[in-house]
>>> print(open('run06.csv').read())   # CSV, C-alpha atoms
chain,number,residue,atom,x,y,z
A,497,MET,CA,109.1,93.7,151.9
A,498,LYS,CA,107.4,91.5,149.3
A,499,ARG,CA,104.0,93.0,150.0
A,500,HIS,CA,105.1,96.2,148.2
A,501,PHE,CA,105.4,94.2,144.9
A,502,LEU,CA,102.1,92.4,145.1
A,503,VAL,CA,99.2,93.4,142.8
A,504,SER,CA,95.7,92.2,143.4
A,505,ALA,CA,93.8,90.4,140.7
A,506,SER,CA,91.3,93.2,140.6
A,507,ALA,CA,93.9,95.9,140.2
A,508,LEU,CA,95.6,94.0,137.4
A,509,SER,CA,92.3,93.7,135.5
A,510,VAL,CA,91.8,97.4,135.8
A,511,LEU,CA,95.3,98.1,134.4
A,512,LEU,CA,94.8,95.7,131.5
A,513,ALA,CA,91.4,97.2,130.7
A,514,ALA,CA,92.9,100.7,130.6
A,515,ALA,CA,95.7,99.6,128.3
A,516,SER,CA,93.3,97.9,125.9
A,517,GLY,CA,91.1,101.0,125.9
A,518,HIS,CA,94.0,103.0,124.5
A,519,ALA,CA,95.0,100.4,121.9
A,520,GLN,CA,94.6,101.4,118.2
A,521,SER,CA,93.3,99.1,115.5
A,522,LEU,CA,94.4,98.7,111.9
A,523,ARG,CA,90.7,98.7,110.8
A,524,THR,CA,87.9,100.7,112.3
A,525,TRP,CA,84.3,101.5,111.3
A,526,VAL,CA,82.0,104.5,111.3
A,527,SER,CA,78.2,104.6,111.0
A,528,GLY,CA,75.5,107.2,110.9
A,529,VAL,CA,74.1,105.7,114.0
A,530,GLY,CA,77.4,105.1,115.7
A,531,ASP,CA,78.9,106.8,118.8
A,532,ASP,CA,82.4,108.2,119.2
A,533,ALA,CA,82.5,106.7,122.7
A,534,ASN,CA,82.6,103.3,121.0
A,535,PRO,CA,85.8,101.4,120.2
A,536,CYS,CA,85.0,101.9,116.4
A,537,SER,CA,84.8,98.1,115.9
A,538,ARG,CA,82.4,96.7,113.3
A,539,THR,CA,79.8,95.8,116.0
A,540,ALA,CA,80.4,99.1,117.9
A,541,PRO,CA,81.2,101.8,115.3
A,542,CYS,CA,82.1,105.4,115.8
A,543,HIS,CA,80.0,108.3,114.5
A,544,SER,CA,82.6,110.6,112.9
A,545,PHE,CA,86.0,110.5,111.1
A,546,ALA,CA,87.5,112.6,113.9
A,547,GLY,CA,86.3,110.1,116.5
A,548,ALA,CA,87.7,107.1,114.5
A,549,ILE,CA,91.0,108.5,113.5
A,550,SER,CA,92.4,108.6,117.1
A,551,LYS,CA,91.5,104.9,117.4
A,552,THR,CA,93.0,103.9,114.1
A,553,ALA,CA,96.7,102.9,113.9
A,554,ALA,CA,99.1,104.5,111.4
A,555,GLY,CA,98.7,102.6,108.1
A,556,GLY,CA,95.2,101.5,109.0
A,557,GLU,CA,91.9,102.2,107.4
A,558,ILE,CA,88.5,103.7,108.4
A,559,ASN,CA,85.6,102.0,106.8
A,560,VAL,CA,82.2,103.7,106.2
A,561,MET,CA,79.3,101.2,107.0
A,562,ASP,CA,76.3,103.3,105.8
A,563,GLY,CA,75.3,106.7,104.6
A,564,GLY,CA,75.7,109.7,106.9
A,565,GLY,CA,77.5,112.9,107.6
A,566,TYR,CA,80.9,112.1,109.1
A,567,GLY,CA,82.3,115.5,109.8
A,568,VAL,CA,85.6,117.3,109.2
A,569,VAL,CA,89.0,115.8,110.2
A,570,THR,CA,92.7,116.5,110.1
A,571,ILE,CA,94.9,113.6,109.1
A,572,THR,CA,98.5,113.5,110.5
A,573,LYS,CA,99.5,109.9,109.6
A,574,SER,CA,99.3,107.2,106.9
A,575,ILE,CA,95.6,106.2,106.7
A,576,SER,CA,92.8,105.3,104.3
A,577,ILE,CA,89.2,106.4,104.6
A,578,ILE,CA,87.0,104.2,102.4
A,579,ALA,CA,83.4,104.6,101.6
A,580,VAL,CA,82.4,102.0,99.0
A,581,GLY,CA,78.6,101.5,98.5
A,582,ALA,CA,77.8,104.1,101.1
A,583,GLN,CA,77.2,107.9,100.8
A,584,ALA,CA,79.8,109.4,103.1
A,585,GLY,CA,79.3,113.1,103.5
A,586,VAL,CA,81.6,115.8,104.9
A,587,ALA,CA,79.8,119.2,105.5
A,588,ALA,CA,82.4,122.0,106.0
A,589,ALA,CA,80.8,125.4,106.3
A,590,GLN,CA,83.5,128.1,107.0
A,591,THR,CA,86.2,125.5,107.3
A,592,ASN,CA,88.2,122.8,105.4
A,593,GLY,CA,86.6,119.4,104.8
A,594,ILE,CA,89.6,117.2,105.3
A,595,THR,CA,93.1,118.6,106.0
A,596,ILE,CA,96.1,116.4,105.3
A,597,ARG,CA,99.1,117.4,107.4
A,598,ALA,CA,101.0,114.1,107.4
A,599,GLY,CA,104.7,113.1,107.3
A,600,ALA,CA,107.0,113.1,104.3
A,601,ASN,CA,106.8,109.3,104.0
A,602,ASP,CA,103.1,109.0,104.9
A,603,VAL,CA,100.5,107.7,102.4
A,604,VAL,CA,96.9,108.9,102.6
A,605,SER,CA,94.0,107.5,100.6
A,606,LEU,CA,90.4,108.9,100.4
A,607,ASP,CA,87.8,106.9,98.5
A,608,GLY,CA,84.1,107.6,97.9
A,609,LEU,CA,83.7,110.8,99.9
A,610,ASN,CA,81.2,113.7,99.1
A,611,PHE,CA,82.1,117.2,100.3
A,612,ASN,CA,79.8,120.2,100.7
A,613,GLY,CA,81.1,123.6,101.7
A,614,GLU,CA,77.6,124.9,102.0
A,615,GLY,CA,78.5,128.1,100.3
A,616,SER,CA,81.2,129.2,102.7
A,617,GLY,CA,83.7,126.3,103.0
A,618,LEU,CA,87.4,127.0,102.6
A,619,SER,CA,88.7,123.9,100.8
A,620,GLY,CA,87.2,120.5,100.3
A,621,ILE,CA,90.5,118.7,100.7
A,622,ASN,CA,93.4,120.9,101.9
A,623,ILE,CA,96.8,119.1,101.5
A,624,VAL,CA,99.6,120.7,103.4
A,625,SER,CA,102.1,117.8,103.6
A,626,ALA,CA,102.3,114.1,102.9
A,627,GLY,CA,104.4,111.7,100.9
A,628,LYS,CA,101.6,110.5,98.6
A,629,VAL,CA,97.8,111.2,98.5
A,630,ASP,CA,95.3,109.2,96.5
A,631,ILE,CA,91.8,110.7,96.0
A,632,ARG,CA,89.2,108.6,94.2
A,633,ASN,CA,85.5,108.7,93.5
A,634,CYS,CA,84.7,112.0,95.1
A,635,THR,CA,82.2,114.9,94.7
A,636,ILE,CA,83.2,118.4,96.0
A,637,THR,CA,80.8,121.4,95.8
A,638,GLY,CA,79.9,124.6,97.6
A,639,PHE,CA,83.4,125.8,98.6
A,640,LEU,CA,83.0,129.5,98.0
A,641,GLY,CA,85.0,130.9,101.0
A,642,ALA,CA,88.7,131.8,100.8
A,643,PRO,CA,90.4,130.2,98.9
A,644,GLY,CA,87.2,128.2,98.1
A,645,VAL,CA,89.1,125.4,96.2
A,646,ALA,CA,87.8,121.9,95.9
A,647,ILE,CA,91.3,120.4,96.2
A,648,ASN,CA,94.0,122.7,97.4
A,649,ILE,CA,97.6,121.5,97.4
A,650,ALA,CA,99.8,124.0,99.2
A,651,ALA,CA,102.9,122.0,100.1
A,652,SER,CA,106.4,123.2,101.0
A,653,ALA,CA,108.0,119.7,100.6
A,654,PRO,CA,107.9,117.2,97.7
A,655,ILE,CA,104.6,115.4,97.3
A,656,GLN,CA,102.7,113.2,94.9
A,657,VAL,CA,98.9,113.5,94.5
A,658,GLN,CA,96.6,111.3,92.4
A,659,VAL,CA,93.0,112.4,91.8
A,660,SER,CA,90.7,110.1,89.8
A,661,ASN,CA,87.0,109.9,88.9
A,662,CYS,CA,86.0,113.0,90.8
A,663,THR,CA,83.5,115.8,90.0
A,664,LEU,CA,84.3,119.3,91.2
A,665,PHE,CA,81.6,121.9,90.6
A,666,GLY,CA,80.3,125.1,92.0
A,667,ASN,CA,83.5,126.1,93.8
A,668,ASN,CA,85.7,129.1,93.5
A,669,GLY,CA,88.5,126.8,92.2
A,670,GLY,CA,88.8,123.2,91.1
A,671,VAL,CA,92.3,122.0,91.7
A,672,SER,CA,95.0,124.5,92.8
A,673,ALA,CA,98.6,123.2,93.3
A,674,THR,CA,101.3,125.4,94.8
A,675,VAL,CA,104.4,123.3,95.6
A,676,ASP,CA,107.7,124.9,96.5
A,677,GLN,CA,110.0,122.0,96.1
A,678,THR,CA,110.6,119.3,93.4
A,679,PRO,CA,110.1,116.5,92.6
A,680,ASN,CA,106.3,116.7,92.8
A,681,VAL,CA,103.6,115.3,90.6
A,682,VAL,CA,99.8,116.0,90.6
A,683,HIS,CA,97.9,113.7,88.2
A,684,LEU,CA,94.2,114.3,87.4
A,685,ASP,CA,92.5,111.5,85.6
A,686,ARG,CA,88.8,111.3,84.7
A,687,VAL,CA,88.2,114.6,86.6
A,688,ARG,CA,85.3,116.9,85.8
A,689,VAL,CA,85.5,120.5,86.7
A,690,ASN,CA,82.8,123.1,86.0
A,691,GLY,CA,81.3,126.2,87.4
A,692,THR,CA,84.5,127.6,88.9
A,693,THR,CA,86.5,130.7,88.6
A,694,THR,CA,89.7,128.7,87.8
A,695,ALA,CA,89.5,125.0,87.1
A,696,VAL,CA,93.1,123.9,87.2
A,697,GLN,CA,95.9,126.1,88.5
A,698,ALA,CA,99.6,125.2,88.9
A,699,ASP,CA,102.0,127.7,90.7
A,700,GLY,CA,105.4,127.6,92.2
A,701,ASN,CA,107.1,124.3,91.1
A,702,ALA,CA,103.9,122.4,90.8
A,703,ALA,CA,103.8,119.9,87.9
A,704,VAL,CA,100.2,119.0,87.1
A,705,PHE,CA,99.3,116.2,84.5
A,706,VAL,CA,95.8,116.0,83.2
A,707,SER,CA,94.2,113.1,81.3
A,708,ASN,CA,90.7,111.9,80.3
A,709,SER,CA,89.2,115.0,82.0
A,710,ALA,CA,86.5,117.5,81.1
A,711,ILE,CA,87.1,121.2,82.0
A,712,ALA,CA,83.9,123.0,81.0
A,713,GLY,CA,81.8,126.0,81.9
A,714,ASN,CA,84.5,127.8,84.0
A,715,ASN,CA,85.8,131.3,83.8
A,716,VAL,CA,89.4,130.0,83.2
A,717,GLY,CA,90.3,126.4,82.3
A,718,PHE,CA,94.0,125.8,82.6
A,719,ASN,CA,96.1,128.5,84.5
A,720,PRO,CA,99.8,127.8,84.8
A,721,LEU,CA,101.6,130.5,86.9
A,722,ASN,CA,105.3,131.3,87.3
A,723,LYS,CA,107.2,128.0,87.1
A,724,GLY,CA,104.0,125.9,87.5
A,725,GLN,CA,103.4,123.5,84.6
A,726,ILE,CA,100.2,121.9,83.4
A,727,THR,CA,100.7,119.0,81.0
A,728,SER,CA,97.8,117.6,78.9
A,729,PHE,CA,97.9,114.1,77.5
A,730,GLY,CA,95.8,115.3,74.6
A,731,ASN,CA,92.6,113.5,75.5
A,732,ASN,CA,91.0,116.2,77.6
A,733,VAL,CA,87.9,118.3,76.8
A,734,LEU,CA,88.1,122.1,77.3
A,735,ALA,CA,84.7,123.6,76.3
A,736,GLY,CA,82.4,126.4,77.3
A,737,ASN,CA,85.0,128.2,79.4
A,738,ALA,CA,85.2,132.0,79.2
A,739,LYS,CA,89.0,131.4,78.7
A,740,ASP,CA,90.2,127.9,78.1
A,741,GLY,CA,93.8,128.7,78.8
A,742,LYS,CA,96.6,126.5,77.5
A,743,PRO,CA,98.7,123.7,78.9
A,744,THR,CA,102.4,124.3,79.1
A,745,ALA,CA,102.9,121.1,77.2
A,746,THR,CA,100.8,118.4,75.4
A,747,LEU,CA,102.0,114.8,75.3
A,748,PRO,CA,100.8,112.4,72.5
A,749,LEU,CA,98.9,109.3,73.5
A,750,GLN,CA,101.0,106.2,73.4
>>> encode(input="run06.csv", output="structure tokens")
Amino acid sequence: MKRHFLVSASALSVLLAAASGHAQSLRTWVSGVGDDANPCSRTAPCHSFAGAISKTAAGGEINVMDGGGYGVVTITKSISIIAVGAQAGVAAAQTNGITIRAGANDVVSLDGLNFNGEGSGLSGINIVSAGKVDIRNCTITGFLGAPGVAINIAASAPIQVQVSNCTLFGNNGGVSATVDQTPNVVHLDRVRVNGTTTAVQADGNAAVFVSNSAIAGNNVGFNPLNKGQITSFGNNVLAGNAKDGKPTATLPLQ
């Protein structure tokens, strides 16, 4: 009877190898010369964000090693994608660049990414759900499809979004926030928007705060709709727009 419970050394090694092959790491890497068949380690990086995300544990980070095009991806968990000192491109013709469809307590961070919709992209960053989203040091251009928004926030649950040091130009829209439930906060700091139909739009129960930003050369600057609110800290520049629009409130600097 005991022979039924014996496992050979070779069979055990195969099982262990299979288990390790499915393990996820807290830190993974992508490279322009990588391969998605790799484990996404520093010495054997993956080639795309989509290839790396399945091998990255929730709460982990994907690091960009060098310049390259890393493709579109959908994020469904807490994760950071970090490109510091490297040109990390996301080309998204006729689709969204990065879609965030994470849980209510998930935190997503994007740092140093460049998005190009190539004239037909839908949205550069399309935020459907998450707890908190932090977007830093980005460039988004060429999203002229539908809706053609650089950063589109269309959430049915409470959410917080921070956008800092980003340039959004040559899109149908800059930042569009439509949030059904409160509390929610969208904070734009050091954001430059130009060459759009509508630069900053708040709809539903969206509360958008804008500071240290330049809204110039658009058809419409600020566009609050329905219960949506756009609050300016009073240190923004609105110039050269066909219609500047007005914030729903202006806060003094303190």
>>> atom_distance(input="run06.csv", atom1="CA of Cys634 (chain A)", atom2="CA of Gly713 (chain A)")
19.5 Å
>>> residues_around(input="run06.csv", residues="Ser660 (chain A)", least_positions_apart="3", cutoff="6 Å", atoms="only C-alpha atoms", output="list of chain:residue names")
A:Arg632, A:Leu684, A:Asp685, A:Arg686
>>> write_last_selection(input="run06.csv", atoms="C-alpha atoms", output="compact mmCIF listing (two decimals), keeping the file's coordinate frame")
# COMPACT_ATOMS: atom_id res chain seq x y z
CA ARG A 632 89.20 108.60 94.20
CA LEU A 684 94.20 114.30 87.40
CA ASP A 685 92.50 111.50 85.60
CA ARG A 686 88.80 111.30 84.70
>>> atom_distance(input="run06.csv", atom1="CA of Met561 (chain A)", atom2="CA of Asn648 (chain A)")
27.8 Å
>>> closest_residue(input="run06.csv", among="A:Ala735, A:Ala600, A:Val671, A:Ile621", to="Asp699 (chain A)", atoms="only C-alpha atoms")
A:Val671
>>> closest_residue(input="run06.csv", among="A:Gln677, A:Asn667, A:Asn534, A:Ser619", to="Asn690 (chain A)", atoms="all atoms listed in the file")
A:Asn667
>>> atom_distance(input="run06.csv", atom1="CA of Pro535 (chain A)", atom2="CA of Val629 (chain A)")
26.7 Å
>>> residues_near_point(input="run06.csv", point="(96.0, 124.2, 77.3)", cutoff="8 Å", atoms="all atoms listed in the file", output="list in words")
Gly717, Phe718, Ile726, Thr727, Ser728, Asp740, Gly741, Lys742, Pro743, Thr744, Ala745 and Thr746 of chain A
>>> residues_near_point(input="run06.csv", point="(83.6, 100.7, 116.9)", cutoff="10 Å", atoms="only C-alpha atoms", output="PDB file with C-alpha atoms, in the frame of the given file")
ATOM      1  CA  SER A 521      93.300  99.100 115.500  1.00  0.00           C
ATOM      2  CA  ARG A 523      90.700  98.700 110.800  1.00  0.00           C
ATOM      3  CA  THR A 524      87.900 100.700 112.300  1.00  0.00           C
ATOM      4  CA  TRP A 525      84.300 101.500 111.300  1.00  0.00           C
ATOM      5  CA  VAL A 526      82.000 104.500 111.300  1.00  0.00           C
ATOM      6  CA  SER A 527      78.200 104.600 111.000  1.00  0.00           C
ATOM      7  CA  GLY A 530      77.400 105.100 115.700  1.00  0.00           C
ATOM      8  CA  ASP A 531      78.900 106.800 118.800  1.00  0.00           C
ATOM      9  CA  ASP A 532      82.400 108.200 119.200  1.00  0.00           C
ATOM     10  CA  ALA A 533      82.500 106.700 122.700  1.00  0.00           C
ATOM     11  CA  ASN A 534      82.600 103.300 121.000  1.00  0.00           C
ATOM     12  CA  PRO A 535      85.800 101.400 120.200  1.00  0.00           C
ATOM     13  CA  CYS A 536      85.000 101.900 116.400  1.00  0.00           C
ATOM     14  CA  SER A 537      84.800  98.100 115.900  1.00  0.00           C
ATOM     15  CA  ARG A 538      82.400  96.700 113.300  1.00  0.00           C
ATOM     16  CA  THR A 539      79.800  95.800 116.000  1.00  0.00           C
ATOM     17  CA  ALA A 540      80.400  99.100 117.900  1.00  0.00           C
ATOM     18  CA  PRO A 541      81.200 101.800 115.300  1.00  0.00           C
ATOM     19  CA  CYS A 542      82.100 105.400 115.800  1.00  0.00           C
ATOM     20  CA  HIS A 543      80.000 108.300 114.500  1.00  0.00           C
ATOM     21  CA  GLY A 547      86.300 110.100 116.500  1.00  0.00           C
ATOM     22  CA  ALA A 548      87.700 107.100 114.500  1.00  0.00           C
ATOM     23  CA  LYS A 551      91.500 104.900 117.400  1.00  0.00           C
TER      24      LYS A 551
END
>>> closest_residue(input="run06.csv", among="A:Gly585, A:Pro654, A:Gly555, A:Gly528", to="Ile623 (chain A)", atoms="all atoms listed in the file")
A:Pro654
>>> residues_around(input="run06.csv", residues="Thr674 (chain A)", least_positions_apart="2", cutoff="12 Å", atoms="all atoms listed in the file", output="PDB file with C-alpha atoms, keeping the file's coordinate frame")
ATOM      1  CA  ASN A 622      93.400 120.900 101.900  1.00  0.00           C
ATOM      2  CA  ILE A 623      96.800 119.100 101.500  1.00  0.00           C
ATOM      3  CA  VAL A 624      99.600 120.700 103.400  1.00  0.00           C
ATOM      4  CA  SER A 625     102.100 117.800 103.600  1.00  0.00           C
ATOM      5  CA  ILE A 647      91.300 120.400  96.200  1.00  0.00           C
ATOM      6  CA  ASN A 648      94.000 122.700  97.400  1.00  0.00           C
ATOM      7  CA  ILE A 649      97.600 121.500  97.400  1.00  0.00           C
ATOM      8  CA  ALA A 650      99.800 124.000  99.200  1.00  0.00           C
ATOM      9  CA  ALA A 651     102.900 122.000 100.100  1.00  0.00           C
ATOM     10  CA  SER A 652     106.400 123.200 101.000  1.00  0.00           C
ATOM     11  CA  ALA A 653     108.000 119.700 100.600  1.00  0.00           C
ATOM     12  CA  PRO A 654     107.900 117.200  97.700  1.00  0.00           C
ATOM     13  CA  ILE A 655     104.600 115.400  97.300  1.00  0.00           C
ATOM     14  CA  VAL A 671      92.300 122.000  91.700  1.00  0.00           C
ATOM     15  CA  SER A 672      95.000 124.500  92.800  1.00  0.00           C
ATOM     16  CA  ASP A 676     107.700 124.900  96.500  1.00  0.00           C
ATOM     17  CA  GLN A 677     110.000 122.000  96.100  1.00  0.00           C
ATOM     18  CA  THR A 678     110.600 119.300  93.400  1.00  0.00           C
ATOM     19  CA  ASN A 680     106.300 116.700  92.800  1.00  0.00           C
ATOM     20  CA  VAL A 681     103.600 115.300  90.600  1.00  0.00           C
ATOM     21  CA  VAL A 682      99.800 116.000  90.600  1.00  0.00           C
ATOM     22  CA  VAL A 696      93.100 123.900  87.200  1.00  0.00           C
ATOM     23  CA  GLN A 697      95.900 126.100  88.500  1.00  0.00           C
ATOM     24  CA  ALA A 698      99.600 125.200  88.900  1.00  0.00           C
ATOM     25  CA  ASP A 699     102.000 127.700  90.700  1.00  0.00           C
ATOM     26  CA  GLY A 700     105.400 127.600  92.200  1.00  0.00           C
ATOM     27  CA  ASN A 701     107.100 124.300  91.100  1.00  0.00           C
ATOM     28  CA  ALA A 702     103.900 122.400  90.800  1.00  0.00           C
ATOM     29  CA  ALA A 703     103.800 119.900  87.900  1.00  0.00           C
ATOM     30  CA  VAL A 704     100.200 119.000  87.100  1.00  0.00           C
ATOM     31  CA  ASN A 719      96.100 128.500  84.500  1.00  0.00           C
ATOM     32  CA  PRO A 720      99.800 127.800  84.800  1.00  0.00           C
ATOM     33  CA  LEU A 721     101.600 130.500  86.900  1.00  0.00           C
ATOM     34  CA  ASN A 722     105.300 131.300  87.300  1.00  0.00           C
ATOM     35  CA  LYS A 723     107.200 128.000  87.100  1.00  0.00           C
ATOM     36  CA  GLY A 724     104.000 125.900  87.500  1.00  0.00           C
ATOM     37  CA  GLN A 725     103.400 123.500  84.600  1.00  0.00           C
ATOM     38  CA  ILE A 726     100.200 121.900  83.400  1.00  0.00           C
TER      39      ILE A 726
END
>>> closest_residue(input="run06.csv", among="A:Ile711, A:Val687, A:Ile558, A:Val657", to="Ile578 (chain A)", atoms="only C-alpha atoms")
A:Ile558
>>> closest_residue(input="run06.csv", among="A:Asn714, A:Thr663, A:Ser707, A:Thr693", to="Leu747 (chain A)", atoms="all atoms listed in the file")
A:Ser707
>>> closest_residue(input="run06.csv", among="A:Lys573, A:His683, A:Lys739, A:Arg597", to="Ile631 (chain A)", atoms="all atoms listed in the file")
A:His683
>>> residues_around(input="run06.csv", residues="Asn731 (chain A)", least_positions_apart="3", cutoff="9 Å", atoms="all atoms listed in the file", output="list in words")
Val706, Ser707, Asn708, Ser709, Ser728, Pro748 and Leu749 of chain A
>>> write_last_selection(input="run06.csv", atoms="C-alpha atoms", output="mmCIF file, in the frame of the given file")
data_model
loop_
_atom_site.group_PDB
_atom_site.id
_atom_site.type_symbol
_atom_site.label_atom_id
_atom_site.label_comp_id
_atom_site.auth_asym_id
_atom_site.auth_seq_id
_atom_site.Cartn_x
_atom_site.Cartn_y
_atom_site.Cartn_z
ATOM 1 C CA VAL A 706 95.800 116.000 83.200
ATOM 2 C CA SER A 707 94.200 113.100 81.300
ATOM 3 C CA ASN A 708 90.700 111.900 80.300
ATOM 4 C CA SER A 709 89.200 115.000 82.000
ATOM 5 C CA SER A 728 97.800 117.600 78.900
ATOM 6 C CA PRO A 748 100.800 112.400 72.500
ATOM 7 C CA LEU A 749 98.900 109.300 73.500
#
>>> residues_around(input="run06.csv", residues="Thr692 (chain A)", least_positions_apart="5", cutoff="7 Å", atoms="all atoms listed in the file", output="list in words")
Phe665, Gly666, Asn667, Asn668, Gly669, Gly670, Asn714 and Asn715 of chain A
